[in-house]
file target.cif (mmCIF, C-alpha atoms and all ligand atoms)
data_model
#
loop_
_atom_site.label_atom_id
_atom_site.label_comp_id
_atom_site.auth_asym_id
_atom_site.auth_seq_id
_atom_site.Cartn_x
_atom_site.Cartn_y
_atom_site.Cartn_z
CA MET A 1 -37.29 17.39 -13.65
CA GLU A 2 -37.58 19.04 -10.28
CA LEU A 3 -34.64 21.43 -10.52
CA ILE A 4 -35.94 22.94 -13.75
CA ARG A 5 -39.44 23.30 -12.36
CA LYS A 6 -37.99 25.11 -9.36
CA ASN A 7 -35.89 27.23 -11.70
CA GLN A 8 -32.70 25.93 -10.02
CA GLY A 9 -31.48 24.50 -13.28
CA TYR A 10 -31.70 25.51 -16.92
CA VAL A 11 -30.93 24.09 -20.34
CA CYS A 12 -27.91 25.66 -22.01
CA THR A 13 -27.31 25.32 -25.73
CA CYS A 14 -24.06 27.27 -25.89
CA LYS A 15 -20.92 25.84 -27.45
CA ARG A 16 -18.27 24.36 -25.19
CA ASP A 17 -15.84 27.23 -25.82
CA THR A 18 -18.47 29.82 -25.01
CA ILE A 19 -19.27 28.10 -21.75
CA SER A 20 -15.63 28.03 -20.64
CA LYS A 21 -15.09 31.62 -21.70
CA ASN A 22 -18.17 32.79 -19.81
CA ARG A 23 -17.01 30.92 -16.74
CA LYS A 24 -13.64 32.60 -16.92
CA ASP A 25 -15.26 36.02 -17.43
CA MET A 26 -17.86 35.33 -14.73
CA VAL A 27 -20.80 36.18 -16.99
CA SER A 28 -24.07 34.30 -17.59
CA CYS A 29 -25.20 33.23 -21.03
CA LYS A 30 -28.56 34.11 -22.63
CA CYS A 31 -29.86 30.59 -21.91
CA SER A 32 -30.01 31.39 -18.22
CA MET A 33 -32.60 34.09 -18.97
CA ARG A 34 -35.20 31.64 -20.41
CA ASP A 35 -38.27 30.96 -18.35
CA ILE A 36 -39.28 27.74 -16.70
CA LYS A 37 -41.72 26.74 -19.45
CA GLN A 38 -39.11 27.10 -22.18
CA ASN A 39 -36.66 25.11 -20.13
CA GLU A 40 -39.16 22.33 -19.59
CA GLU A 41 -39.75 22.06 -23.33
CA MET A 42 -36.04 22.03 -24.03
CA TRP A 43 -35.49 19.39 -21.36
CA GLU A 44 -37.97 17.13 -23.21
CA LYS A 45 -36.06 17.72 -26.43
CA MET A 46 -32.86 16.51 -24.83
CA PHE A 47 -34.34 13.03 -24.95
CA ASN A 48 -35.22 13.00 -28.63
CA ARG A 49 -34.29 16.13 -30.57
CA TYR A 50 -30.88 17.48 -29.56
CA LYS A 51 -27.67 15.76 -30.48
CA PRO A 52 -24.92 15.13 -27.90
CA GLY A 53 -23.14 18.41 -27.12
CA GLU A 54 -26.02 20.56 -28.33
CA ALA A 55 -27.70 20.95 -24.97
CA ILE A 56 -26.83 20.42 -21.32
CA VAL A 57 -28.60 21.12 -18.07
CA ARG A 58 -26.73 23.52 -15.82
CA PHE A 59 -27.19 24.23 -12.16
CA ARG A 60 -28.03 27.81 -11.23
CA GLY A 61 -24.99 28.42 -9.08
CA ASN A 62 -23.19 31.71 -9.05
CA MET A 63 -21.19 32.77 -12.10
CA GLU A 64 -19.30 35.22 -9.88
CA SER A 65 -18.35 32.70 -7.21
CA LYS A 66 -14.70 32.50 -6.20
CA ASN A 67 -15.14 28.74 -6.32
CA THR A 68 -15.05 27.95 -10.04
CA VAL A 69 -16.98 24.73 -9.39
CA MET A 70 -20.03 26.87 -8.54
CA ARG A 71 -20.15 28.78 -11.84
CA ASP A 72 -23.30 27.12 -13.20
CA PRO A 73 -21.90 23.56 -13.37
CA VAL A 74 -23.24 20.79 -15.59
CA LEU A 75 -25.92 18.55 -14.11
CA PHE A 76 -26.94 16.52 -17.17
CA ARG A 77 -25.55 15.88 -20.61
CA ILE A 78 -26.60 13.77 -23.58
CA ILE A 79 -24.55 10.68 -24.22
CA ASP A 80 -25.52 8.37 -27.07
CA GLU A 81 -22.90 5.70 -26.62
CA ARG A 82 -24.16 2.34 -25.53
CA HIS A 83 -24.04 1.91 -21.77
CA PRO A 84 -22.49 -1.46 -20.88
CA LEU A 85 -25.28 -2.42 -18.48
CA LEU A 86 -28.33 -0.39 -19.42
CA GLU A 87 -27.84 -0.64 -23.19
CA LYS A 88 -29.58 2.32 -24.80
CA LYS A 89 -32.34 2.83 -22.30
CA TYR A 90 -31.11 6.24 -21.18
CA ARG A 91 -29.77 9.08 -23.18
CA VAL A 92 -29.45 11.93 -20.67
CA TRP A 93 -26.85 11.30 -18.03
CA PRO A 94 -26.18 13.07 -14.72
CA SER A 95 -22.80 14.61 -13.93
CA TYR A 96 -20.57 13.17 -11.22
CA ASP A 97 -21.52 15.91 -8.75
CA PHE A 98 -25.24 15.44 -9.25
CA ALA A 99 -25.07 11.65 -9.13
CA VAL A 100 -22.96 11.55 -5.96
CA ALA A 101 -25.19 14.01 -4.11
CA VAL A 102 -28.43 12.26 -5.01
CA GLU A 103 -27.06 8.76 -4.44
CA ASP A 104 -25.71 9.65 -1.02
CA TYR A 105 -29.16 10.95 -0.15
CA THR A 106 -31.15 8.02 -1.54
CA ASP A 107 -28.75 5.57 0.10
CA GLY A 108 -29.40 7.28 3.43
CA ILE A 109 -25.74 8.15 3.94
CA THR A 110 -25.17 10.19 7.09
CA HIS A 111 -21.40 10.64 6.81
CA ALA A 112 -19.68 10.84 3.47
CA LEU A 113 -15.94 10.33 3.19
CA ARG A 114 -14.04 11.92 0.37
CA SER A 115 -10.44 12.53 -0.35
CA LYS A 116 -9.23 16.08 0.20
CA GLU A 117 -8.86 16.67 -3.54
CA TYR A 118 -12.65 17.04 -3.74
CA GLU A 119 -12.79 19.85 -1.21
CA LEU A 120 -13.88 22.47 -3.77
CA ARG A 121 -16.77 20.30 -4.91
CA ASN A 122 -18.36 20.18 -1.45
CA GLU A 123 -20.10 23.53 -1.88
CA LEU A 124 -21.80 22.24 -5.00
CA TYR A 125 -22.63 18.93 -3.32
CA TYR A 126 -24.47 20.78 -0.55
CA ALA A 127 -26.08 23.26 -2.96
CA ILE A 128 -27.58 20.45 -5.06
CA LEU A 129 -28.99 18.73 -1.97
CA ASP A 130 -30.38 22.05 -0.72
CA ALA A 131 -32.05 22.75 -4.05
CA LEU A 132 -33.72 19.34 -3.90
CA ASP A 133 -34.67 19.72 -0.22
CA MET A 134 -32.68 16.65 0.56
CA LYS A 135 -31.06 16.04 3.92
CA LYS A 136 -27.33 16.69 3.84
CA PRO A 137 -24.85 14.10 5.04
CA LYS A 138 -21.87 15.33 6.96
CA MET A 139 -18.91 15.46 4.61
CA MET A 140 -15.55 14.41 5.97
CA GLU A 141 -12.34 14.70 4.10
CA PHE A 142 -9.28 12.62 4.61
CA SER A 143 -5.81 13.22 3.35
CA ARG A 144 -3.49 10.88 1.57
CA LEU A 145 -1.47 8.60 3.75
CA GLU A 146 2.27 8.75 3.27
CA PHE A 147 5.21 7.22 5.04
CA LYS A 148 8.34 9.24 5.65
CA GLY A 149 10.66 8.97 2.67
CA MET A 150 8.15 6.83 0.71
CA PRO A 151 6.15 9.02 -1.68
CA VAL A 152 3.00 7.41 -3.06
CA SER A 153 2.24 9.55 -6.08
CA LYS A 154 2.66 7.95 -9.51
CA ARG A 155 4.14 11.23 -10.70
CA ILE A 156 7.18 10.54 -8.51
CA LEU A 157 7.29 6.74 -8.75
CA ARG A 158 6.91 6.39 -12.52
CA PRO A 159 10.21 8.15 -13.40
CA LEU A 160 12.06 5.93 -10.90
CA ILE A 161 10.77 2.90 -12.79
CA ASP A 162 11.54 4.43 -16.20
CA GLU A 163 15.10 5.23 -15.10
CA GLY A 164 15.55 1.74 -13.67
CA LYS A 165 16.14 3.04 -10.15
CA VAL A 166 13.44 0.73 -8.85
CA SER A 167 12.41 -2.47 -10.61
CA TRP A 168 8.62 -2.12 -10.79
CA TYR A 169 5.58 -1.08 -8.75
CA ASP A 170 6.18 -4.12 -6.57
CA ASP A 171 9.75 -3.11 -5.72
CA PRO A 172 9.96 -3.73 -1.95
CA ARG A 173 11.06 -0.15 -1.26
CA LEU A 174 7.78 1.29 -2.52
CA PRO A 175 4.65 1.92 -0.46
CA THR A 176 2.31 0.37 -3.06
CA LEU A 177 0.07 -2.49 -1.95
CA GLU A 178 1.87 -4.89 -4.31
CA ALA A 179 5.20 -3.89 -2.82
CA LEU A 180 4.06 -4.09 0.78
CA ASN A 181 2.59 -7.50 0.11
CA ARG A 182 5.76 -8.75 -1.57
CA ARG A 183 7.71 -7.54 1.38
CA GLY A 184 5.52 -9.51 3.76
CA ILE A 185 3.27 -6.78 5.15
CA THR A 186 -0.18 -8.40 5.38
CA SER A 187 -3.36 -6.65 4.28
CA GLU A 188 -4.75 -7.27 7.77
CA ALA A 189 -1.89 -5.23 9.25
CA ILE A 190 -2.49 -2.42 6.76
CA ARG A 191 -6.17 -2.35 7.66
CA LYS A 192 -5.51 -2.30 11.40
CA PHE A 193 -2.88 0.35 10.97
CA ILE A 194 -5.15 2.65 8.96
CA LEU A 195 -7.96 2.25 11.47
CA SER A 196 -5.55 3.18 14.23
CA LEU A 197 -4.84 6.54 12.64
CA SER A 198 -7.43 9.15 13.26
CA LEU A 199 -8.71 10.64 10.06
CA THR A 200 -6.98 13.89 9.56
CA LYS A 201 -7.12 16.65 7.03
CA ALA A 202 -3.48 17.55 7.31
CA ASP A 203 -1.30 15.40 5.10
CA THR A 204 -0.18 12.60 7.32
CA LEU A 205 3.34 11.31 7.64
CA ALA A 206 2.84 8.02 9.38
CA PRO A 207 5.61 6.15 11.16
CA PHE A 208 6.44 2.96 9.29
CA ASP A 209 7.39 1.35 12.63
CA SER A 210 3.83 1.37 13.75
CA LEU A 211 2.70 -0.53 10.64
CA GLU A 212 5.53 -2.98 11.36
CA ALA A 213 4.32 -3.46 14.91
CA PHE A 214 0.84 -4.46 13.70
CA ASN A 215 2.35 -6.77 11.13
CA ARG A 216 4.75 -8.41 13.57
CA LYS A 217 1.89 -9.43 15.83
CA ILE A 218 0.09 -11.05 12.90
CA ILE A 219 2.98 -12.88 11.23
CA ASP A 220 4.89 -13.98 14.30
CA LYS A 221 2.58 -16.88 15.08
CA ASN A 222 2.95 -18.38 11.61
CA SER A 223 6.58 -17.63 10.84
CA ILE A 224 8.88 -20.61 10.82
CA ARG A 225 12.16 -20.10 12.65
CA LEU A 226 15.23 -20.88 10.57
CA PHE A 227 18.94 -20.41 11.09
CA MET A 228 20.81 -18.10 8.76
CA VAL A 229 24.39 -16.84 8.85
CA LYS A 230 25.78 -13.82 7.06
CA HIS A 231 29.43 -13.23 6.23
CA PRO A 232 30.14 -16.90 7.02
CA LYS A 233 33.15 -17.99 8.97
CA THR A 234 34.06 -21.66 9.06
CA LEU A 235 34.12 -23.57 12.28
CA THR A 236 35.33 -27.11 12.77
CA VAL A 237 34.01 -28.89 15.83
CA SER A 238 35.55 -32.07 17.18
CA ASN A 239 33.76 -34.77 19.19
CA LEU A 240 30.20 -33.90 18.08
CA PRO A 241 28.03 -36.74 19.43
CA ASN A 242 25.14 -36.42 16.93
CA SER A 243 24.91 -36.53 13.19
CA VAL A 244 21.25 -35.40 13.16
CA VAL A 245 19.50 -32.82 15.32
CA GLU A 246 15.81 -32.11 15.49
CA LEU A 247 14.68 -28.50 15.95
CA PRO A 248 11.24 -27.02 16.63
CA ASN A 249 9.91 -24.81 13.83
CA HIS A 250 8.34 -22.39 16.31
CA PRO A 251 9.11 -21.76 19.99
CA SER A 252 5.47 -21.74 21.19
CA ASN A 253 3.14 -22.76 18.34
CA ASP A 254 2.94 -26.31 17.16
CA MET A 255 4.46 -25.99 13.73
CA GLY A 256 6.30 -29.30 13.84
CA THR A 257 10.02 -29.92 13.78
CA ARG A 258 12.73 -30.31 11.20
CA GLN A 259 15.85 -32.43 11.11
CA ILE A 260 19.27 -31.15 10.23
CA ASN A 261 22.22 -33.33 9.34
CA VAL A 262 25.40 -32.14 11.01
CA ASP A 263 29.05 -32.98 10.77
CA ALA A 264 32.18 -31.23 12.03
CA ASN A 265 31.98 -28.45 9.42
CA ILE A 266 29.79 -25.53 10.35
CA PHE A 267 29.26 -21.89 9.31
CA LEU A 268 28.87 -19.09 11.87
CA SER A 269 28.23 -15.38 11.26
CA THR A 270 31.41 -13.33 11.38
CA GLU A 271 29.88 -10.80 13.73
CA ASP A 272 29.27 -13.57 16.28
CA VAL A 273 32.87 -14.75 16.34
CA LYS A 274 35.02 -11.71 15.61
CA ASP A 275 36.03 -11.11 19.23
CA LEU A 276 36.50 -14.79 20.21
CA ASN A 277 39.57 -15.98 22.08
CA ILE A 278 40.93 -19.43 22.71
CA GLY A 279 39.17 -20.96 25.69
CA ASP A 280 35.89 -19.01 25.15
CA GLN A 281 32.71 -21.03 25.29
CA LEU A 282 29.68 -20.73 23.02
CA ARG A 283 26.31 -22.41 22.76
CA LEU A 284 25.34 -23.50 19.25
CA MET A 285 21.55 -23.25 19.48
CA GLY A 286 19.87 -26.64 19.40
CA LEU A 287 23.18 -28.43 19.00
CA GLY A 288 25.29 -28.03 22.14
CA ASN A 289 28.11 -26.17 23.83
CA ILE A 290 31.62 -25.77 22.45
CA LYS A 291 34.99 -24.51 23.67
CA ILE A 292 37.22 -22.61 21.23
CA THR A 293 40.59 -24.21 20.59
CA SER A 294 42.00 -21.97 17.84
CA VAL A 295 41.03 -18.71 16.13
CA ASN A 296 42.79 -18.11 12.85
CA SER A 297 41.15 -17.67 9.44
CA GLU A 298 39.22 -20.74 10.48
CA ILE A 299 38.01 -21.50 13.96
CA THR A 300 38.25 -24.82 15.70
CA ALA A 301 36.45 -25.93 18.83
CA GLU A 302 35.55 -28.98 20.80
CA PHE A 303 32.15 -30.19 21.91
CA ILE A 304 31.75 -29.90 25.69
CA GLY A 305 28.20 -31.15 26.33
CA ASP A 306 24.61 -30.10 25.99
CA ASN A 307 23.87 -28.41 29.31
CA HIS A 308 21.16 -25.77 28.62
CA ASN A 309 21.79 -23.85 31.85
CA VAL A 310 24.80 -21.94 30.65
CA ASP A 311 25.30 -18.23 30.20
CA PHE A 312 27.46 -18.60 27.09
CA ARG A 313 26.66 -16.52 24.04
CA LYS A 314 23.98 -18.38 22.07
CA VAL A 315 24.47 -18.32 18.32
CA GLN A 316 22.74 -19.78 15.27
CA TRP A 317 24.70 -21.91 12.82
CA VAL A 318 24.36 -23.63 9.45
CA SER A 319 25.81 -26.99 8.48
CA GLN A 320 28.26 -26.46 5.60
CA SER A 321 27.44 -29.60 3.67
CA SER A 322 23.76 -28.70 3.25
CA ALA A 323 23.97 -24.89 3.42
CA HIS A 324 21.70 -23.12 0.95
CA LYS A 325 22.99 -19.86 -0.49
CA LEU A 326 20.42 -17.10 -0.49
CA LYS A 327 20.22 -13.42 -1.32
CA ILE A 328 18.26 -11.16 1.03
CA LEU A 329 17.01 -7.79 -0.20
CA ILE A 330 16.79 -5.22 2.56
CA PRO A 331 14.68 -2.19 1.62
CA GLN A 332 15.78 1.12 3.13
CA GLN A 333 14.18 4.53 2.99
CA LEU A 334 13.64 5.45 -0.67
CA PHE A 335 14.06 9.20 -0.32
CA ILE A 336 16.19 11.10 2.14
CA ASP A 337 15.44 14.84 2.31
CA ASP A 338 13.57 14.62 -1.02
CA LYS A 339 16.56 13.03 -2.74
CA PHE A 340 16.54 9.49 -4.11
CA ASN A 341 18.61 7.30 -1.78
CA GLU A 342 21.06 5.40 -4.02
CA GLY A 343 21.63 2.95 -1.19
CA SER A 344 17.95 2.25 -0.69
CA LEU A 345 18.18 -1.43 -1.55
CA GLU A 346 20.78 -3.38 0.36
CA GLU A 347 21.58 -6.92 -0.80
CA ILE A 348 23.28 -9.49 1.38
CA ASP A 349 24.40 -13.01 0.54
CA VAL A 350 23.75 -15.46 3.32
CA TYR A 351 23.61 -19.18 4.05
CA THR A 352 20.52 -20.82 5.45
CA GLU A 353 19.22 -24.30 6.13
CA PRO A 354 18.08 -26.49 3.21
CA HIS A 355 14.60 -26.51 4.76
CA TYR A 356 14.14 -23.08 3.16
CA LEU A 357 13.68 -24.84 -0.18
CA GLU A 358 10.68 -26.75 1.12
CA LEU A 359 8.76 -23.57 1.97
CA LYS A 360 6.27 -22.09 -0.46
CA ASP A 361 7.00 -18.81 -2.18
CA GLY A 362 5.47 -16.10 -0.05
CA ALA A 363 6.12 -17.95 3.21
CA GLU A 364 7.10 -15.76 6.12
CA ILE A 365 10.24 -16.77 8.00
CA GLN A 366 11.92 -15.47 11.08
CA PHE A 367 15.64 -15.86 10.64
CA VAL A 368 16.80 -16.31 14.21
CA ARG A 369 18.56 -13.25 15.67
CA PHE A 370 18.06 -11.36 12.39
CA GLY A 371 14.42 -10.61 11.62
CA TYR A 372 11.37 -11.54 9.55
CA CYS A 373 11.75 -12.16 5.83
CA ARG A 374 9.38 -13.29 3.10
CA LYS A 375 10.42 -15.98 0.67
CA ASP A 376 10.42 -14.38 -2.78
CA SER A 377 11.94 -17.31 -4.66
CA ALA A 378 14.28 -20.26 -4.08
CA ASN A 379 17.27 -17.95 -4.15
CA GLN A 380 15.89 -14.70 -2.84
CA ALA A 381 14.08 -13.45 0.24
CA ILE A 382 12.93 -9.96 1.16
CA TYR A 383 13.48 -8.47 4.57
CA THR A 384 10.12 -7.61 6.15
CA HIS A 385 11.21 -6.03 9.43
CA LYS A 386 12.90 -6.77 12.74
ZN ZN A 401 -25.97 28.99 -22.68
#
call {"tool": "encode", "arguments": {"input": "target.cif", "output": "structure tokens", "more": "lines below"}}
Ligand SMILES: [Zn+2]
result
Amino acid sequence: MELIRKNQGYVCTCKRDTISKNRKDMVSCKCSMRDIKQNEEMWEKMFNRYKPGEAIVRFRGNMESKNTVMRDPVLFRIIDERHPLLEKKYRVWPSYDFAVAVEDYTDGITHALRSKEYELRNELYYAILDALDMKKPKMMEFSRLEFKGMPVSKRILRPLIDEGKVSWYDDPRLPTLEALNRRGITSEAIRKFILSLSLTKADTLAPFDSLEAFNRKIIDKNSIRLFMVKHPKTLTVSNLPNSVVELPNHPSNDMGTRQINVDANIFLSTEDVKDLNIGDQLRLMGLGNIKITSVNSEITAEFIGDNHNVDFRKVQWVSQSSAHKLKILIPQQLFIDDKFNEGSLEEIDVYTEPHYLELKDGAEIQFVRFGYCRKDSANQAIYTHK
């Protein structure tokens, strides 16, 4: 054992309590006075004579160091439990600090990445490598990634779950991987996003928009376009020439088409029709142009042709007879100024096309003129982003 031979480590047979007390008082124990020969004999005994807890190997650090990690830390201890892989072949086991330092060296690591929480252990990491004359990798720390208003620590998230303020770790408002996935943020987007951030030691507050931008690029090409209306208003159209229309599932990628049965009874979103007057003209996307003939609690209009070169307002629509009722969950910022946002999960009831039911759970959809959503179930979708 090289460190003992070099007198950089020694066997300590003190009780646990004594060791902690000495560390607190910054004093060495009598074991540290033994000579190399005695230590070598005791080291041998750790393999066959001592029982677990009776002897450990400690690094000769500095009992007076301000960094408590350096006060003669443990390098090896005896563990008699069966190791799942190595069975009972070994009895004396290295500490985390020793194992990490030596493994990084033997693996030829040139740059080691560790989370900032380990900062205090770096001095020991380097000291062990120095004592063994091993080349030191450059240690880089990174901080935890957090989005504004979305804390990641379990200490904060757990009580929200216990109090029923969020449903579970996959609640779409949370920044957990399960939640991001359920919301429709792909792992590829997360990876690209993280790589785009430079590693920084200061705790990072990343803009969620930039993760969304990566994700949008990835999901756009595979997201089926569907019509959806919220706060439906009924529209009755006279003189419609077709009873079936065929619509492309994607504007540029070949994702096939779908057919929609139409009759005179249609739903439009209230926000698209609230300022309509008699005589106004609209284009119902994929269906044709109409002219408004009355605007009361219900709207009536007449079909006026299918000329695409019009500058009428273009709106999406849903056929009433086959409309599928759906709930969309819209996650908002979970915390505002460190306070739980009671309105952090908005729910809206909408109507969409029956084709929604043919999609698999987890499918990504772009609801036209609304945004991307992920199908969560037959009756529920989760808003991904604009
Ligand atoms: Zn001791």
call {"tool": "atom_distance", "arguments": {"input": "target.cif", "atom1": "atom CA of A:Ile382", "atom2": "atom CA of A:Ser187"}}
result
16.9 Å
call {"tool": "residues_near_ligand", "arguments": {"input": "target.cif", "ligand": "ligand ZN 401 (chain A)", "cutoff": "7 Å", "atoms": "all atoms listed in the file", "output": "PDB file with C-alpha atoms, keeping the file's coordinate frame"}}
result
ATOM      1  CA  CYS A  12     -27.910  25.660 -22.010  1.00  0.00           C
ATOM      2  CA  THR A  13     -27.310  25.320 -25.730  1.00  0.00           C
ATOM      3  CA  CYS A  14     -24.060  27.270 -25.890  1.00  0.00           C
ATOM      4  CA  ILE A  19     -19.270  28.100 -21.750  1.00  0.00           C
ATOM      5  CA  CYS A  29     -25.200  33.230 -21.030  1.00  0.00           C
ATOM      6  CA  LYS A  30     -28.560  34.110 -22.630  1.00  0.00           C
ATOM      7  CA  CYS A  31     -29.860  30.590 -21.910  1.00  0.00           C
ATOM      8  CA  SER A  32     -30.010  31.390 -18.220  1.00  0.00           C
TER       9      SER A  32
END
call {"tool": "closest_atom_pairs", "arguments": {"input": "target.cif", "of": "stretch 193-298 of chain A", "to": "stretch 168-184 of chain A", "cutoff": "10 Å", "atoms": "all atoms listed in the file", "output": "JSON lines"}}
result
{"residue": "A:Phe208", "atom": "CA", "partner": "A:Pro175", "partner_atom": "CA", "distance": 10.0}
{"residue": "A:Asn215", "atom": "CA", "partner": "A:Gly184", "partner_atom": "CA", "distance": 8.5}
{"residue": "A:Arg216", "atom": "CA", "partner": "A:Gly184", "partner_atom": "CA", "distance": 9.9}
{"residue": "A:Ile219", "atom": "CA", "partner": "A:Gly184", "partner_atom": "CA", "distance": 8.6}
call {"tool": "closest_residue", "arguments": {"input": "target.cif", "among": "A:Asp376, A:Glu353, A:Glu342, A:Glu119", "to": "A:Ala323", "atoms": "all atoms listed in the file"}}
result
A:Glu353
call {"tool": "residues_near_point", "arguments": {"input": "target.cif", "point": "(8.5, 7.8, 7.6)", "cutoff": "9 Å", "atoms": "only C-alpha atoms", "output": "list of chain:residue names"}}
result
A:Glu146, A:Phe147, A:Lys148, A:Gly149, A:Met150, A:Leu205, A:Ala206, A:Pro207, A:Phe208, A:Asp209, A:Gln333
